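What follows is a single structure, written as structure tokens, with notes after it.
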Amino acid sequence: MNGRRANAFRRIYALLDQAYGPQHWWPGDSTFEVQVGAILTQNTAWTNVERALENLRQNRLLSPRAIVSASHAQLAEQLRPSGYYNVKAERLRHYCQWLLEQGGERALHTAPTDQFRRNLLSVKGIGPETADDILLCAFHRPVFVIDAYTRRIFSRLGLIDAKANYEALRRRFEEALGDDVPLYNQYHALIVRHAKTACRTKPQCEACALRKLCKRVDS
DNA sequence: ACCCAGGGTCATA
DNA sequence: TATGACCATGGG
């Protein structure tokens, strides 16, 4: 049962990977920019986030100290294209204050992942998905990111309960796949890629290669 | 004129 | 614990 299910998760990955190829999320950016992007992309299209990141870059605001030193108005103005700019200015500031209190990114590399994660979640404005994006993509910890796409696609395939809580889903993916940072990163990116490609409004539109694959796996 | 996007917090019951 | 309001821009 569990082995079969693990096989399903792996085979779906193989199918997506073959279909879409490398997605290279945040490949050439600094780790701090990855962390900023993780916060700015909350419920927001990535193209809008890119504009805000470019604003921050132009205004020399891509460092924790620059961000905590900037005024709210200054920061919020640069974040405007990414939406929720007042909220996100506060969240970015809180995150950067926390980062500096921890002793910077350097000091965080020695922390055990579970402790690191709880610490991140204590920062106002950092929820489970943002924390896991940061842990996985910036700090290369083996944490699987669960987003709305993951819930929708995998529940339609009958592999998970859409209403299950975040931690339970995360553990299920991690147990099925085993610790593998590059795979977690690529898998999450592939899920987002697939969700944007496939029909978003009709559940039956998941009746594509993924559903066929699942039937093969289940039989 | 709608709907959605690489969520999270807070108030309410 | 579990919903609902709220945050806000830009593209389809």
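Each chain in the structure tokens gets a letter, A, B, ..., in the order shown, and its residues are numbered from 1; ligands are numbered from 1 in order too.
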Against chain C, which residues of chain A fall within 10 Å? For each one I want the closest pair of atoms and the distance in Å (one decimal), counting only C-alpha atoms (C1' of nucleotides), rows by chain and increasing residue number, as JSON lines.
```
{"residue": "A:Thr44", "atom": "CA", "partner": "C:DT9", "partner_atom": "C1'", "distance": 8.5}
{"residue": "A:Ala45", "atom": "CA", "partner": "C:DG10", "partner_atom": "C1'", "distance": 8.3}
{"residue": "A:Thr47", "atom": "CA", "partner": "C:DG10", "partner_atom": "C1'", "distance": 8.6}
{"residue": "A:Asn48", "atom": "CA", "partner": "C:DG10", "partner_atom": "C1'", "distance": 6.9}
{"residue": "A:Val49", "atom": "CA", "partner": "C:DT9", "partner_atom": "C1'", "distance": 9.9}
{"residue": "A:Leu79", "atom": "CA", "partner": "C:DT9", "partner_atom": "C1'", "distance": 9.8}
{"residue": "A:Arg80", "atom": "CA", "partner": "C:DT9", "partner_atom": "C1'", "distance": 7.1}
{"residue": "A:Pro81", "atom": "CA", "partner": "C:DT9", "partner_atom": "C1'", "distance": 5.4}
{"residue": "A:Ser82", "atom": "CA", "partner": "C:DT9", "partner_atom": "C1'", "distance": 5.9}
{"residue": "A:Gly83", "atom": "CA", "partner": "C:DT9", "partner_atom": "C1'", "distance": 4.3}
{"residue": "A:Tyr84", "atom": "CA", "partner": "C:DA8", "partner_atom": "C1'", "distance": 4.8}
{"residue": "A:Tyr85", "atom": "CA", "partner": "C:DA8", "partner_atom": "C1'", "distance": 7.3}
{"residue": "A:Asn86", "atom": "CA", "partner": "C:DC7", "partner_atom": "C1'", "distance": 8.1}
{"residue": "A:Val87", "atom": "CA", "partner": "C:DC7", "partner_atom": "C1'", "distance": 6.7}
{"residue": "A:Lys88", "atom": "CA", "partner": "C:DC7", "partner_atom": "C1'", "distance": 9.2}
```
Interface, chain A side, toward chain B (12 Å; only C-alpha atoms (C1' of nucleotides)) as a tab-separated table (two decimals) with N, CA and C atoms, in the first residue's frame:
```
chain	number	residue	atom	x	y	z
A	25	TRP	N	14.19	26.65	-10.81
A	25	TRP	CA	13.69	27.74	-9.95
A	25	TRP	C	14.86	28.39	-9.20
A	26	TRP	N	14.92	29.67	-9.26
A	26	TRP	CA	15.94	30.42	-8.52
A	26	TRP	C	17.33	29.84	-8.71
A	37	GLY	N	12.05	36.54	-2.51
A	37	GLY	CA	11.09	36.09	-3.50
A	37	GLY	C	10.03	35.18	-2.90
A	38	ALA	N	10.44	34.34	-1.96
A	38	ALA	CA	9.50	33.41	-1.31
A	38	ALA	C	8.41	34.18	-0.57
A	39	ILE	N	8.76	35.29	0.02
A	39	ILE	CA	7.78	36.11	0.75
A	39	ILE	C	6.92	36.90	-0.24
A	40	LEU	N	7.55	37.48	-1.24
A	40	LEU	CA	6.80	38.32	-2.18
A	40	LEU	C	5.82	37.54	-3.05
A	41	THR	N	6.10	36.26	-3.26
A	41	THR	CA	5.26	35.49	-4.16
A	41	THR	C	4.00	34.93	-3.49
A	42	GLN	N	3.79	35.25	-2.23
A	42	GLN	CA	2.59	34.78	-1.54
A	42	GLN	C	1.33	35.21	-2.28
A	43	ASN	N	0.60	34.24	-2.78
A	43	ASN	CA	-0.65	34.49	-3.51
A	43	ASN	C	-0.49	35.54	-4.61
A	44	THR	N	0.62	35.47	-5.30
A	44	THR	CA	0.94	36.50	-6.29
A	44	THR	C	1.65	35.88	-7.49
A	45	ALA	N	1.31	36.34	-8.68
A	45	ALA	CA	1.96	35.84	-9.90
A	45	ALA	C	3.44	36.21	-9.90
A	46	TRP	N	4.26	35.28	-10.35
A	46	TRP	CA	5.71	35.48	-10.26
A	46	TRP	C	6.19	36.66	-11.11
A	47	THR	N	5.52	36.92	-12.22
A	47	THR	CA	5.93	38.05	-13.06
A	47	THR	C	5.85	39.37	-12.29
A	48	ASN	N	4.88	39.47	-11.39
A	48	ASN	CA	4.77	40.68	-10.58
A	48	ASN	C	5.89	40.74	-9.54
A	49	VAL	N	6.26	39.58	-9.03
A	49	VAL	CA	7.34	39.52	-8.05
A	49	VAL	C	8.65	39.97	-8.68
A	82	SER	N	4.18	43.90	-6.74
A	82	SER	CA	3.92	42.52	-6.31
A	82	SER	C	2.64	42.40	-5.49
A	83	GLY	N	1.91	43.51	-5.32
A	83	GLY	CA	0.65	43.46	-4.60
A	83	GLY	C	0.82	43.35	-3.10
A	84	TYR	N	-0.25	43.59	-2.36
A	84	TYR	CA	-0.21	43.54	-0.87
A	84	TYR	C	1.02	44.27	-0.35
A	87	VAL	N	1.44	45.01	3.48
A	87	VAL	CA	1.60	43.76	4.23
A	87	VAL	C	2.99	43.18	4.01
A	88	LYS	N	3.40	43.14	2.74
A	88	LYS	CA	4.67	42.51	2.41
A	88	LYS	C	5.87	43.33	2.89
A	91	ARG	N	6.19	42.22	6.40
A	91	ARG	CA	6.68	40.85	6.50
A	91	ARG	C	8.16	40.77	6.17
A	121	LEU	N	8.86	29.57	11.44
A	121	LEU	CA	7.41	29.72	11.56
A	121	LEU	C	7.01	30.71	12.66
A	123	VAL	N	8.25	33.61	12.86
A	123	VAL	CA	8.34	34.95	12.28
A	123	VAL	C	6.98	35.34	11.71
A	124	LYS	N	6.50	36.50	12.09
A	124	LYS	CA	5.20	36.96	11.61
A	124	LYS	C	5.23	37.16	10.10
A	125	GLY	N	4.32	36.48	9.42
A	125	GLY	CA	4.25	36.61	7.97
A	125	GLY	C	4.87	35.43	7.24
A	126	ILE	N	5.52	34.54	8.00
A	126	ILE	CA	6.11	33.32	7.41
A	126	ILE	C	5.24	32.13	7.81
A	127	GLY	N	4.44	31.64	6.86
A	127	GLY	CA	3.61	30.46	7.09
A	127	GLY	C	4.34	29.22	6.59
A	128	PRO	N	3.65	28.07	6.62
A	128	PRO	CA	4.28	26.80	6.25
A	128	PRO	C	4.90	26.79	4.85
A	129	GLU	N	4.15	27.27	3.87
A	129	GLU	CA	4.68	27.18	2.51
A	129	GLU	C	5.87	28.10	2.30
A	130	THR	N	5.79	29.31	2.81
A	130	THR	CA	6.91	30.24	2.67
A	130	THR	C	8.14	29.72	3.41
A	131	ALA	N	7.92	29.18	4.60
A	131	ALA	CA	9.03	28.62	5.39
A	131	ALA	C	9.70	27.50	4.62
A	132	ASP	N	8.90	26.63	4.02
A	132	ASP	CA	9.46	25.49	3.31
A	132	ASP	C	10.14	25.89	2.01
A	133	ASP	N	9.60	26.90	1.34
A	133	ASP	CA	10.29	27.46	0.17
A	133	ASP	C	11.68	27.94	0.56
A	145	VAL	N	7.64	21.11	-0.34
A	145	VAL	CA	6.72	22.25	-0.29
A	145	VAL	C	5.34	21.84	-0.79
A	146	ILE	N	4.34	22.09	0.06
A	146	ILE	CA	2.95	21.81	-0.31
A	146	ILE	C	2.24	23.12	-0.65
A	147	ASP	N	1.70	23.20	-1.84
A	147	ASP	CA	0.93	24.40	-2.18
A	147	ASP	C	-0.46	23.99	-2.66
A	148	ALA	N	-1.26	24.98	-3.04
A	148	ALA	CA	-2.64	24.71	-3.46
A	148	ALA	C	-2.67	23.80	-4.68
A	149	TYR	N	-1.71	23.95	-5.56
A	149	TYR	CA	-1.64	23.09	-6.76
A	149	TYR	C	-1.43	21.64	-6.36
A	150	THR	N	-0.53	21.43	-5.43
A	150	THR	CA	-0.24	20.06	-4.99
A	150	THR	C	-1.49	19.41	-4.42
A	188	HIS	N	8.39	20.31	-7.00
A	188	HIS	CA	7.50	21.43	-6.70
A	188	HIS	C	7.35	22.35	-7.91
A	189	ALA	N	8.47	22.63	-8.56
A	189	ALA	CA	8.44	23.50	-9.74
A	189	ALA	C	7.63	22.85	-10.86
A	190	LEU	N	7.77	21.55	-11.00
A	190	LEU	CA	7.03	20.83	-12.04
A	190	LEU	C	5.53	20.84	-11.77
A	191	ILE	N	5.15	20.74	-10.50
A	191	ILE	CA	3.73	20.78	-10.14
A	191	ILE	C	3.14	22.14	-10.52
A	192	VAL	N	3.87	23.19	-10.20
A	192	VAL	CA	3.41	24.54	-10.56
A	192	VAL	C	3.33	24.68	-12.08
A	193	ARG	N	4.34	24.19	-12.76
A	193	ARG	CA	4.38	24.25	-14.22
A	193	ARG	C	3.19	23.50	-14.83
A	195	ALA	N	0.34	22.74	-13.38
A	195	ALA	CA	-0.92	23.37	-13.01
A	195	ALA	C	-1.22	24.56	-13.92
A	196	LYS	N	-0.19	25.28	-14.29
A	196	LYS	CA	-0.39	26.43	-15.16
A	196	LYS	C	-0.69	26.01	-16.59
A	200	ARG	N	-7.42	24.84	-15.55
A	200	ARG	CA	-7.52	25.16	-14.12
A	200	ARG	C	-8.94	25.03	-13.59
A	201	THR	N	-9.92	25.12	-14.48
A	201	THR	CA	-11.29	25.24	-13.99
A	201	THR	C	-12.03	23.91	-13.94
```
Check your understanding: Running DSSP on the backbone, which parts of stretch 72-204 of chain A land in helix (DSSP H, G or I), as JSON, numbers by chain?
Key -> {"A": [72, 73, 74, 75, 76, 77, 78, 79, 80, 81, 82, 85, 86, 87, 88, 89, 90, 91, 92, 93, 94, 95, 96, 97, 98, 99, 100, 101, 104, 105, 106, 107, 108, 113, 114, 115, 116, 117, 118, 119, 120, 121, 128, 129, 130, 131, 132, 133, 134, 135, 136, 137, 138, 148, 149, 150, 151, 152, 153, 154, 155, 156, 166, 167, 168, 169, 170, 171, 172, 173, 174, 175, 176, 177, 181, 182, 183, 184, 185, 186, 187, 188, 189, 190, 191, 192, 193, 194, 195, 196, 197, 203, 204]}
